[in-house]
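A.B. asks: My structure is in my_file.pdb, and what it holds is PDB, C-alpha atoms:
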```pdb
MODEL        1
ATOM      1  CA  ALA U   1      27.695   8.215 306.375  1.00  0.00           C
ATOM      2  CA  GLN U   2      25.384   8.539 309.327  1.00  0.00           C
ATOM      3  CA  SER U   3      26.174   9.644 312.862  1.00  0.00           C
ATOM      4  CA  VAL U   4      24.231   9.865 316.101  1.00  0.00           C
ATOM      5  CA  THR U   5      24.782  12.192 319.022  1.00  0.00           C
ATOM      6  CA  GLN U   6      23.355  11.541 322.445  1.00  0.00           C
ATOM      7  CA  LEU U   7      23.949  14.717 324.334  1.00  0.00           C
ATOM      8  CA  ASP U   8      23.688  13.349 327.865  1.00  0.00           C
ATOM      9  CA  SER U   9      25.847  10.498 329.095  1.00  0.00           C
ATOM     10  CA  GLN U  10      23.953  10.252 332.384  1.00  0.00           C
ATOM     11  CA  VAL U  11      20.503  11.389 333.424  1.00  0.00           C
ATOM     12  CA  PRO U  12      19.475  11.050 337.071  1.00  0.00           C
ATOM     13  CA  VAL U  13      15.772  11.425 337.791  1.00  0.00           C
ATOM     14  CA  PHE U  14      13.429  10.724 340.677  1.00  0.00           C
ATOM     15  CA  GLU U  15      10.771   8.063 340.371  1.00  0.00           C
ATOM     16  CA  GLU U  16       7.477   9.268 338.880  1.00  0.00           C
ATOM     17  CA  ALA U  17       9.181  12.323 337.369  1.00  0.00           C
ATOM     18  CA  PRO U  18       9.200  12.905 333.593  1.00  0.00           C
ATOM     19  CA  VAL U  19      12.345  12.341 331.581  1.00  0.00           C
ATOM     20  CA  GLU U  20      13.675  13.206 328.135  1.00  0.00           C
ATOM     21  CA  LEU U  21      16.719  11.561 326.598  1.00  0.00           C
ATOM     22  CA  ARG U  22      18.046  13.523 323.682  1.00  0.00           C
ATOM     23  CA  CYS U  23      19.197  12.164 320.353  1.00  0.00           C
ATOM     24  CA  ASN U  24      20.316  14.013 317.242  1.00  0.00           C
ATOM     25  CA  TYR U  25      21.419  12.415 314.018  1.00  0.00           C
ATOM     26  CA  SER U  26      23.261  13.434 310.897  1.00  0.00           C
ATOM     27  CA  SER U  27      22.725  11.893 307.497  1.00  0.00           C
ATOM     28  CA  SER U  28      22.715  12.951 303.861  1.00  0.00           C
ATOM     29  CA  VAL U  29      20.109  10.319 302.998  1.00  0.00           C
ATOM     30  CA  SER U  30      16.805   9.195 304.432  1.00  0.00           C
ATOM     31  CA  VAL U  31      17.092   7.184 307.608  1.00  0.00           C
ATOM     32  CA  TYR U  32      15.222   4.988 310.008  1.00  0.00           C
ATOM     33  CA  LEU U  33      15.573   5.687 313.716  1.00  0.00           C
ATOM     34  CA  PHE U  34      15.571   3.412 316.731  1.00  0.00           C
ATOM     35  CA  TRP U  35      15.840   3.445 320.493  1.00  0.00           C
ATOM     36  CA  TYR U  36      17.306   0.413 322.229  1.00  0.00           C
ATOM     37  CA  VAL U  37      17.567  -0.291 325.950  1.00  0.00           C
ATOM     38  CA  GLN U  38      20.270  -2.329 327.649  1.00  0.00           C
ATOM     39  CA  TYR U  39      19.874  -3.641 331.174  1.00  0.00           C
ATOM     40  CA  PRO U  40      22.992  -4.665 333.119  1.00  0.00           C
ATOM     41  CA  ASN U  41      24.693  -7.770 331.756  1.00  0.00           C
ATOM     42  CA  GLN U  42      22.145  -8.168 329.001  1.00  0.00           C
ATOM     43  CA  GLY U  43      21.930  -7.568 325.298  1.00  0.00           C
ATOM     44  CA  LEU U  44      19.973  -4.790 323.644  1.00  0.00           C
ATOM     45  CA  GLN U  45      16.206  -4.700 323.395  1.00  0.00           C
ATOM     46  CA  LEU U  46      14.320  -2.636 320.854  1.00  0.00           C
ATOM     47  CA  LEU U  47      12.230   0.013 322.584  1.00  0.00           C
ATOM     48  CA  LEU U  48      10.706   1.730 319.580  1.00  0.00           C
ATOM     49  CA  LYS U  49      11.380   2.614 315.981  1.00  0.00           C
ATOM     50  CA  TYR U  50      10.504   5.142 313.360  1.00  0.00           C
ATOM     51  CA  LEU U  51      10.379   3.855 309.801  1.00  0.00           C
ATOM     52  CA  SER U  52       7.743   6.058 308.185  1.00  0.00           C
ATOM     53  CA  GLY U  53       4.308   7.523 308.761  1.00  0.00           C
ATOM     54  CA  SER U  54       3.382   9.177 312.036  1.00  0.00           C
ATOM     55  CA  THR U  55       6.324  11.018 313.510  1.00  0.00           C
ATOM     56  CA  LEU U  56       5.261  10.113 317.062  1.00  0.00           C
ATOM     57  CA  VAL U  57       5.982   6.524 317.992  1.00  0.00           C
ATOM     58  CA  GLU U  58       5.176   4.802 321.244  1.00  0.00           C
ATOM     59  CA  SER U  59       6.347   1.728 323.106  1.00  0.00           C
ATOM     60  CA  ILE U  60       4.252  -0.626 325.186  1.00  0.00           C
ATOM     61  CA  ASN U  61       5.864   0.494 328.440  1.00  0.00           C
ATOM     62  CA  GLY U  62       5.045   4.186 328.217  1.00  0.00           C
ATOM     63  CA  PHE U  63       8.011   5.592 326.300  1.00  0.00           C
ATOM     64  CA  GLU U  64       7.498   7.711 323.211  1.00  0.00           C
ATOM     65  CA  ALA U  65       9.745   9.419 320.707  1.00  0.00           C
ATOM     66  CA  GLU U  66       9.093  12.009 318.056  1.00  0.00           C
ATOM     67  CA  PHE U  67      10.910  12.196 314.763  1.00  0.00           C
ATOM     68  CA  ASN U  68      11.699  15.801 313.894  1.00  0.00           C
ATOM     69  CA  LYS U  69      13.232  16.000 310.445  1.00  0.00           C
ATOM     70  CA  SER U  70      13.922  19.739 310.506  1.00  0.00           C
ATOM     71  CA  GLN U  71      15.828  19.459 313.774  1.00  0.00           C
ATOM     72  CA  THR U  72      17.233  16.018 312.924  1.00  0.00           C
ATOM     73  CA  SER U  73      16.186  14.780 316.335  1.00  0.00           C
ATOM     74  CA  PHE U  74      14.523  11.713 317.802  1.00  0.00           C
ATOM     75  CA  HIS U  75      14.228  12.450 321.513  1.00  0.00           C
ATOM     76  CA  LEU U  76      12.881   9.802 323.872  1.00  0.00           C
ATOM     77  CA  ARG U  77      10.388  10.787 326.553  1.00  0.00           C
ATOM     78  CA  LYS U  78       8.430   9.225 329.364  1.00  0.00           C
ATOM     79  CA  PRO U  79       5.956  11.192 331.476  1.00  0.00           C
ATOM     80  CA  SER U  80       6.544   9.183 334.664  1.00  0.00           C
ATOM     81  CA  VAL U  81       9.529   6.888 335.182  1.00  0.00           C
ATOM     82  CA  HIS U  82       9.755   3.830 337.369  1.00  0.00           C
ATOM     83  CA  ILE U  83      12.743   2.422 339.206  1.00  0.00           C
ATOM     84  CA  SER U  84      12.745  -0.472 336.726  1.00  0.00           C
ATOM     85  CA  ASP U  85      13.496   1.969 333.884  1.00  0.00           C
ATOM     86  CA  THR U  86      17.054   2.279 335.174  1.00  0.00           C
ATOM     87  CA  ALA U  87      19.185   1.158 332.236  1.00  0.00           C
ATOM     88  CA  GLU U  88      21.309   2.433 329.392  1.00  0.00           C
ATOM     89  CA  TYR U  89      19.483   3.773 326.365  1.00  0.00           C
ATOM     90  CA  PHE U  90      20.931   3.870 322.883  1.00  0.00           C
ATOM     91  CA  CYS U  91      19.688   5.832 319.914  1.00  0.00           C
ATOM     92  CA  ALA U  92      20.516   4.312 316.531  1.00  0.00           C
ATOM     93  CA  VAL U  93      20.098   5.127 312.861  1.00  0.00           C
ATOM     94  CA  SER U  94      20.028   3.059 309.724  1.00  0.00           C
ATOM     95  CA  ARG U  95      19.939   4.435 306.216  1.00  0.00           C
ATOM     96  CA  THR U  96      17.129   3.412 303.942  1.00  0.00           C
ATOM     97  CA  GLY U  97      18.183   0.534 301.736  1.00  0.00           C
ATOM     98  CA  GLY U  98      21.132  -0.153 303.991  1.00  0.00           C
ATOM     99  CA  GLY U  99      20.027  -3.475 305.386  1.00  0.00           C
ATOM    100  CA  ASN U 100      20.406  -3.961 309.086  1.00  0.00           C
ATOM    101  CA  LYS U 101      23.532  -1.896 309.674  1.00  0.00           C
ATOM    102  CA  LEU U 102      22.905   0.278 312.711  1.00  0.00           C
ATOM    103  CA  THR U 103      24.968   3.276 313.747  1.00  0.00           C
ATOM    104  CA  PHE U 104      24.614   3.850 317.475  1.00  0.00           C
ATOM    105  CA  GLY U 105      25.018   6.833 319.716  1.00  0.00           C
ATOM    106  CA  THR U 106      27.227   6.629 322.776  1.00  0.00           C
ATOM    107  CA  GLY U 107      24.335   5.869 325.081  1.00  0.00           C
ATOM    108  CA  THR U 108      22.597   7.601 327.978  1.00  0.00           C
ATOM    109  CA  GLN U 109      22.584   6.011 331.408  1.00  0.00           C
ATOM    110  CA  LEU U 110      19.198   6.649 332.990  1.00  0.00           C
ATOM    111  CA  LYS U 111      19.268   6.300 336.766  1.00  0.00           C
ATOM    112  CA  VAL U 112      15.930   6.435 338.503  1.00  0.00           C
ATOM    113  CA  GLU U 113      16.127   7.211 342.208  1.00  0.00           C
ATOM    114  CA  LEU U 114      13.544   6.846 344.932  1.00  0.00           C
TER     115      LEU U 114
ATOM    116  CA  LYS S   1      10.536 -19.248 320.085  1.00  0.00           C
ATOM    117  CA  ALA S   2      13.970 -19.416 321.616  1.00  0.00           C
ATOM    118  CA  GLY S   3      15.914 -16.173 321.548  1.00  0.00           C
ATOM    119  CA  VAL S   4      19.323 -15.471 320.077  1.00  0.00           C
ATOM    120  CA  THR S   5      21.994 -17.559 321.723  1.00  0.00           C
ATOM    121  CA  GLN S   6      25.688 -16.794 321.820  1.00  0.00           C
ATOM    122  CA  THR S   7      28.466 -19.088 322.902  1.00  0.00           C
ATOM    123  CA  PRO S   8      30.578 -18.901 324.849  1.00  0.00           C
ATOM    124  CA  ARG S   9      29.340 -16.193 327.199  1.00  0.00           C
ATOM    125  CA  TYR S  10      32.786 -15.447 328.579  1.00  0.00           C
ATOM    126  CA  LEU S  11      36.203 -15.976 327.082  1.00  0.00           C
ATOM    127  CA  ILE S  12      39.736 -15.147 328.151  1.00  0.00           C
ATOM    128  CA  LYS S  13      42.534 -15.189 325.603  1.00  0.00           C
ATOM    129  CA  THR S  14      46.074 -13.879 325.370  1.00  0.00           C
ATOM    130  CA  ARG S  15      47.514 -11.522 322.807  1.00  0.00           C
ATOM    131  CA  GLY S  16      48.325 -13.130 319.504  1.00  0.00           C
ATOM    132  CA  GLN S  17      45.805 -15.929 319.839  1.00  0.00           C
ATOM    133  CA  GLN S  18      42.714 -16.261 317.701  1.00  0.00           C
ATOM    134  CA  VAL S  19      39.128 -16.718 318.809  1.00  0.00           C
ATOM    135  CA  THR S  20      35.858 -17.901 317.302  1.00  0.00           C
ATOM    136  CA  LEU S  21      32.504 -16.767 318.614  1.00  0.00           C
ATOM    137  CA  SER S  22      29.217 -18.401 317.711  1.00  0.00           C
ATOM    138  CA  CYS S  23      25.711 -17.060 317.280  1.00  0.00           C
ATOM    139  CA  SER S  24      22.493 -19.001 316.739  1.00  0.00           C
ATOM    140  CA  PRO S  25      19.704 -16.730 315.477  1.00  0.00           C
ATOM    141  CA  ILE S  26      16.015 -17.034 316.139  1.00  0.00           C
ATOM    142  CA  SER S  27      14.478 -19.821 314.107  1.00  0.00           C
ATOM    143  CA  GLY S  28      13.466 -18.543 310.680  1.00  0.00           C
ATOM    144  CA  HIS S  29      15.690 -15.477 310.794  1.00  0.00           C
ATOM    145  CA  ARG S  30      18.128 -15.225 307.906  1.00  0.00           C
ATOM    146  CA  SER S  31      20.065 -12.091 308.828  1.00  0.00           C
ATOM    147  CA  VAL S  32      22.767 -12.045 311.483  1.00  0.00           C
ATOM    148  CA  SER S  33      24.692  -8.928 312.429  1.00  0.00           C
ATOM    149  CA  TRP S  34      27.655  -8.555 314.755  1.00  0.00           C
ATOM    150  CA  TYR S  35      28.550  -5.581 316.924  1.00  0.00           C
ATOM    151  CA  GLN S  36      31.454  -4.765 319.195  1.00  0.00           C
ATOM    152  CA  GLN S  37      30.724  -2.877 322.407  1.00  0.00           C
ATOM    153  CA  THR S  38      33.523  -1.198 324.383  1.00  0.00           C
ATOM    154  CA  PRO S  39      33.481   1.578 326.972  1.00  0.00           C
ATOM    155  CA  GLY S  40      35.656   3.770 324.776  1.00  0.00           C
ATOM    156  CA  GLN S  41      34.173   3.251 321.314  1.00  0.00           C
ATOM    157  CA  GLY S  42      30.635   2.275 322.228  1.00  0.00           C
ATOM    158  CA  LEU S  43      28.650   0.040 319.900  1.00  0.00           C
ATOM    159  CA  GLN S  44      30.224  -0.479 316.516  1.00  0.00           C
ATOM    160  CA  PHE S  45      28.913  -2.490 313.606  1.00  0.00           C
ATOM    161  CA  LEU S  46      31.177  -5.289 312.447  1.00  0.00           C
ATOM    162  CA  PHE S  47      29.285  -7.044 309.642  1.00  0.00           C
ATOM    163  CA  GLU S  48      25.944  -8.472 308.558  1.00  0.00           C
ATOM    164  CA  TYR S  49      25.314 -11.800 306.902  1.00  0.00           C
ATOM    165  CA  PHE S  50      22.171 -12.713 305.002  1.00  0.00           C
ATOM    166  CA  SER S  51      21.652 -16.093 303.388  1.00  0.00           C
ATOM    167  CA  GLU S  52      25.334 -16.983 303.830  1.00  0.00           C
ATOM    168  CA  THR S  53      26.527 -13.778 302.115  1.00  0.00           C
ATOM    169  CA  GLN S  54      28.102 -10.760 303.725  1.00  0.00           C
ATOM    170  CA  ARG S  55      25.701  -7.915 303.031  1.00  0.00           C
ATOM    171  CA  ASN S  56      27.273  -5.097 305.046  1.00  0.00           C
ATOM    172  CA  LYS S  57      30.666  -4.481 306.548  1.00  0.00           C
ATOM    173  CA  GLY S  58      31.907  -2.020 309.140  1.00  0.00           C
ATOM    174  CA  ASN S  59      35.301  -0.389 309.457  1.00  0.00           C
ATOM    175  CA  PHE S  60      37.264  -3.086 311.181  1.00  0.00           C
ATOM    176  CA  PRO S  61      40.615  -4.551 310.137  1.00  0.00           C
ATOM    177  CA  GLY S  62      40.826  -7.798 308.225  1.00  0.00           C
ATOM    178  CA  ARG S  63      41.627  -9.655 311.453  1.00  0.00           C
ATOM    179  CA  PHE S  64      37.883  -9.642 312.033  1.00  0.00           C
ATOM    180  CA  SER S  65      36.012 -12.048 309.817  1.00  0.00           C
ATOM    181  CA  GLY S  66      32.764 -13.904 309.842  1.00  0.00           C
ATOM    182  CA  ARG S  67      30.688 -16.450 308.069  1.00  0.00           C
ATOM    183  CA  GLN S  68      27.171 -17.783 308.015  1.00  0.00           C
ATOM    184  CA  PHE S  69      26.086 -21.344 307.538  1.00  0.00           C
ATOM    185  CA  SER S  70      23.109 -22.711 305.630  1.00  0.00           C
ATOM    186  CA  ASN S  71      21.123 -22.996 308.884  1.00  0.00           C
ATOM    187  CA  SER S  72      21.743 -19.243 309.456  1.00  0.00           C
ATOM    188  CA  ARG S  73      24.060 -19.835 312.382  1.00  0.00           C
ATOM    189  CA  SER S  74      26.982 -17.470 312.271  1.00  0.00           C
ATOM    190  CA  GLU S  75      30.513 -17.360 313.555  1.00  0.00           C
ATOM    191  CA  MET S  76      32.937 -14.522 313.838  1.00  0.00           C
ATOM    192  CA  ASN S  77      36.663 -14.958 314.093  1.00  0.00           C
ATOM    193  CA  VAL S  78      39.309 -12.612 315.376  1.00  0.00           C
ATOM    194  CA  SER S  79      42.880 -13.512 314.571  1.00  0.00           C
ATOM    195  CA  THR S  80      46.044 -12.203 316.206  1.00  0.00           C
ATOM    196  CA  LEU S  81      44.216 -10.792 319.190  1.00  0.00           C
ATOM    197  CA  GLU S  82      45.184  -7.401 320.576  1.00  0.00           C
ATOM    198  CA  LEU S  83      44.452  -5.947 323.991  1.00  0.00           C
ATOM    199  CA  GLY S  84      42.043  -3.506 322.376  1.00  0.00           C
ATOM    200  CA  ASP S  85      39.872  -6.377 321.158  1.00  0.00           C
ATOM    201  CA  SER S  86      38.603  -6.863 324.695  1.00  0.00           C
ATOM    202  CA  ALA S  87      34.909  -6.137 324.387  1.00  0.00           C
ATOM    203  CA  LEU S  88      31.380  -7.425 324.532  1.00  0.00           C
ATOM    204  CA  TYR S  89      30.517  -8.912 321.157  1.00  0.00           C
ATOM    205  CA  LEU S  90      26.818  -8.813 320.389  1.00  0.00           C
ATOM    206  CA  CYS S  91      24.997 -10.762 317.771  1.00  0.00           C
ATOM    207  CA  ALA S  92      21.614  -9.709 316.421  1.00  0.00           C
ATOM    208  CA  SER S  93      19.209 -11.622 314.231  1.00  0.00           C
ATOM    209  CA  SER S  94      16.324 -10.482 312.102  1.00  0.00           C
ATOM    210  CA  PRO S  95      14.116 -11.843 309.336  1.00  0.00           C
ATOM    211  CA  GLY S  96      16.089  -9.583 306.983  1.00  0.00           C
ATOM    212  CA  GLN S  97      13.960 -10.198 303.928  1.00  0.00           C
ATOM    213  CA  GLY S  98      14.624  -6.901 302.199  1.00  0.00           C
ATOM    214  CA  THR S  99      17.106  -4.090 302.318  1.00  0.00           C
ATOM    215  CA  SER S 100      15.007  -2.061 304.716  1.00  0.00           C
ATOM    216  CA  PRO S 101      15.934  -2.690 308.339  1.00  0.00           C
ATOM    217  CA  SER S 102      13.716  -5.029 310.260  1.00  0.00           C
ATOM    218  CA  GLU S 103      13.570  -5.426 314.004  1.00  0.00           C
ATOM    219  CA  GLN S 104      16.778  -6.921 315.277  1.00  0.00           C
ATOM    220  CA  PHE S 105      16.848  -9.206 318.291  1.00  0.00           C
ATOM    221  CA  PHE S 106      20.076  -9.160 320.241  1.00  0.00           C
ATOM    222  CA  GLY S 107      21.728 -11.982 322.090  1.00  0.00           C
ATOM    223  CA  PRO S 108      23.287 -11.572 325.549  1.00  0.00           C
ATOM    224  CA  GLY S 109      26.758 -11.219 324.070  1.00  0.00           C
ATOM    225  CA  THR S 110      30.144 -12.843 324.490  1.00  0.00           C
ATOM    226  CA  ARG S 111      32.494 -11.055 326.871  1.00  0.00           C
ATOM    227  CA  LEU S 112      36.019 -11.389 325.452  1.00  0.00           C
ATOM    228  CA  THR S 113      38.990 -10.463 327.609  1.00  0.00           C
ATOM    229  CA  VAL S 114      42.419 -10.326 326.013  1.00  0.00           C
ATOM    230  CA  LEU S 115      45.362 -10.486 328.410  1.00  0.00           C
TER     231      LEU S 115
ENDMDL
END
```
Could you render the structure from this file as structure tokens?
C.D. replies:
Amino acid sequence: AQSVTQLDSQVPVFEEAPVELRCNYSSSVSVYLFWYVQYPNQGLQLLLKYLSGSTLVESINGFEAEFNKSQTSFHLRKPSVHISDTAEYFCAVSRTGGGNKLTFGTGTQLKVEL
Amino acid sequence: KAGVTQTPRYLIKTRGQQVTLSCSPISGHRSVSWYQQTPGQGLQFLFEYFSETQRNKGNFPGRFSGRQFSNSRSEMNVSTLELGDSALYLCASSPGQGTSPSEQFFGPGTRLTVL
């Protein structure tokens, strides 16, 4: 079975400051990794994913995450946040060959303040 | 393309009743997954349907069931509702051609309140 740990339930940060949201996973088999974002009263949106290849993946809105197999981590980073980045962020894992079953972490609420 | 639609958006039921939630995936998508989101348990996988067959199942009691129709629309049913079933139920669709995960597109969810 797979599990995901998001170490921070809430992360407050000032606008234009950098941020890192931490995610660690546990699995006995190869996995794919995802970050989803959820804005208030909305469903989840895929932010970025790691399936294979380059361990550094980027999203179109400036977020990036790096897959670190030895540390079983997939931390999400952004060098300069904007007020509109305020949302809840979920890290998720899916085992290879496991279809679309996602195991989610408990989420990190990112609050960007002026 | 239209996104994933879920109906109804809000629902209030009483304990012991049953409920059916509906999900219409993005046109052309054949995989539909369901998730339950609660403040206490977070996001939990319920089941996935692909081409009318259940492909994956989470650890939920048999009161939770689902099905998928030939047009890929899916329904989930919860019988004998309990207070703890109050949650946001999210549906996600994807092309789902193989066993490797493809990008899933989530609907806005159905907010179920059990009184």
A.B. asks: Work out how far apart atom CA of Tyr39 of chain U and atom CA of Gln10 of chain U are and give it in Å to one decimal.
C.D. replies: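 Atom-to-atom, atom CA of Tyr39 of chain U to atom CA of Gln10 of chain U, that is 14.5 Å.
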A.B. asks: Can you spell out as a list in words the set of residues that the PyMOL selection byres ((chain S and resi 54) around 10) selects in the structure I just provided?
C.D. replies: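 Checked against the file, the PyMOL selection byres ((chain S and resi 54) around 10) matches Ser31, Val32, Ser33, Phe47, Glu48, Tyr49, Phe50, Ser51, Glu52, Thr53, Arg55, Asn56, Lys57, Gly66, Arg67 and Gln68 of chain S.
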A.B. asks: Hey, what comes out of the PyMOL selection byres ((chain U) within 9 of (chain S)) on this file? Could you write it as a PyMOL selection string?
C.D. replies: chain U and resi 32+41-46+49+51+94-107
A.B. asks: Need to verify the contact set: His75 of chain U, 6 Å, all atoms listed in the file, exclusion of same-chain residues closer than 6 positions in sequence. Can you return it as a list in words?
C.D. replies: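 Once the nearby chain positions are removed, what remains is Leu21, Arg22, Cys23 and Ala65 of chain U.
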A.B. asks: Expressed in Å to a single decimal, how great is the separation between atom CA of Leu33 of chain U and atom CA of Ala92 of chain U?
C.D. replies: 5.9 Å
A.B. asks: Give me the residues near Ser84 of chain U as JSON, numbers by chain, where near means some atom within 10 Å (using only C-alpha atoms) and where sequence neighbours in that chain fewer than 5 positions away do not count.
C.D. replies: {"U": [15, 39, 111, 112]}
A.B. asks: What does the distance between atom CA of Cys23 of chain S and atom CA of Gly84 of chain S come to in Å, to one decimal place?
C.D. replies: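 If I compute the distance from atom CA of Cys23 of chain S to atom CA of Gly84 of chain S, I get 21.8 Å.
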A.B. asks: Complete segment 64-83 of chain U at the level of N, CA, C and O atoms, written as a compact mmCIF listing (two decimals), in the coordinates of the input.
C.D. replies:
```
# COMPACT_ATOMS: atom_id res chain seq x y z
N GLU U 64 7.85 7.23 324.53
CA GLU U 64 7.50 7.71 323.21
C GLU U 64 8.66 8.53 322.66
O GLU U 64 9.52 9.02 323.41
N ALA U 65 8.71 8.61 321.35
CA ALA U 65 9.74 9.42 320.71
C ALA U 65 9.13 10.09 319.50
O ALA U 65 8.22 9.55 318.86
N GLU U 66 9.62 11.27 319.20
CA GLU U 66 9.09 12.01 318.06
C GLU U 66 10.20 12.32 317.08
O GLU U 66 11.25 12.87 317.43
N PHE U 67 9.96 11.92 315.84
CA PHE U 67 10.91 12.20 314.76
C PHE U 67 10.71 13.63 314.30
O PHE U 67 9.61 14.01 313.90
N ASN U 68 11.76 14.43 314.35
CA ASN U 68 11.70 15.80 313.89
C ASN U 68 12.76 15.99 312.81
O ASN U 68 13.95 16.11 313.09
N LYS U 69 12.29 15.97 311.57
CA LYS U 69 13.23 16.00 310.44
C LYS U 69 13.98 17.33 310.36
O LYS U 69 15.17 17.37 310.07
N SER U 70 13.28 18.42 310.64
CA SER U 70 13.92 19.74 310.51
C SER U 70 15.02 19.93 311.55
O SER U 70 16.03 20.59 311.30
N GLN U 71 14.82 19.35 312.72
CA GLN U 71 15.83 19.46 313.77
C GLN U 71 16.71 18.22 313.86
O GLN U 71 17.57 18.13 314.73
N THR U 72 16.50 17.29 312.96
CA THR U 72 17.23 16.02 312.92
C THR U 72 17.34 15.43 314.33
O THR U 72 18.43 15.09 314.81
N SER U 73 16.20 15.31 314.97
CA SER U 73 16.19 14.78 316.33
C SER U 73 15.20 13.64 316.47
O SER U 73 14.26 13.49 315.67
N PHE U 74 15.41 12.85 317.50
CA PHE U 74 14.52 11.71 317.80
C PHE U 74 14.61 11.50 319.31
O PHE U 74 15.08 10.50 319.81
N HIS U 75 14.13 12.48 320.06
CA HIS U 75 14.23 12.45 321.51
C HIS U 75 13.25 11.44 322.12
O HIS U 75 12.12 11.30 321.66
N LEU U 76 13.69 10.81 323.18
CA LEU U 76 12.88 9.80 323.87
C LEU U 76 12.32 10.42 325.14
O LEU U 76 13.05 11.08 325.89
N ARG U 77 11.03 10.19 325.38
CA ARG U 77 10.39 10.79 326.55
C ARG U 77 9.53 9.77 327.28
O ARG U 77 9.02 8.81 326.68
N LYS U 78 9.38 10.00 328.57
CA LYS U 78 8.43 9.22 329.36
C LYS U 78 7.86 10.16 330.43
O LYS U 78 8.63 10.83 331.11
N PRO U 79 6.55 10.22 330.55
CA PRO U 79 5.96 11.19 331.48
C PRO U 79 6.17 10.86 332.94
O PRO U 79 6.16 11.75 333.79
N SER U 80 6.38 9.58 333.26
CA SER U 80 6.54 9.18 334.66
C SER U 80 7.40 7.92 334.71
O SER U 80 6.96 6.86 334.27
N VAL U 81 8.62 8.03 335.21
CA VAL U 81 9.53 6.89 335.18
C VAL U 81 9.37 6.04 336.43
O VAL U 81 8.94 6.49 337.49
N HIS U 82 9.79 4.79 336.26
CA HIS U 82 9.76 3.83 337.37
C HIS U 82 11.18 3.36 337.62
O HIS U 82 12.03 3.41 336.74
N ILE U 83 11.41 2.88 338.82
CA ILE U 83 12.74 2.42 339.21
C ILE U 83 13.25 1.37 338.22
O ILE U 83 14.46 1.30 337.93
```
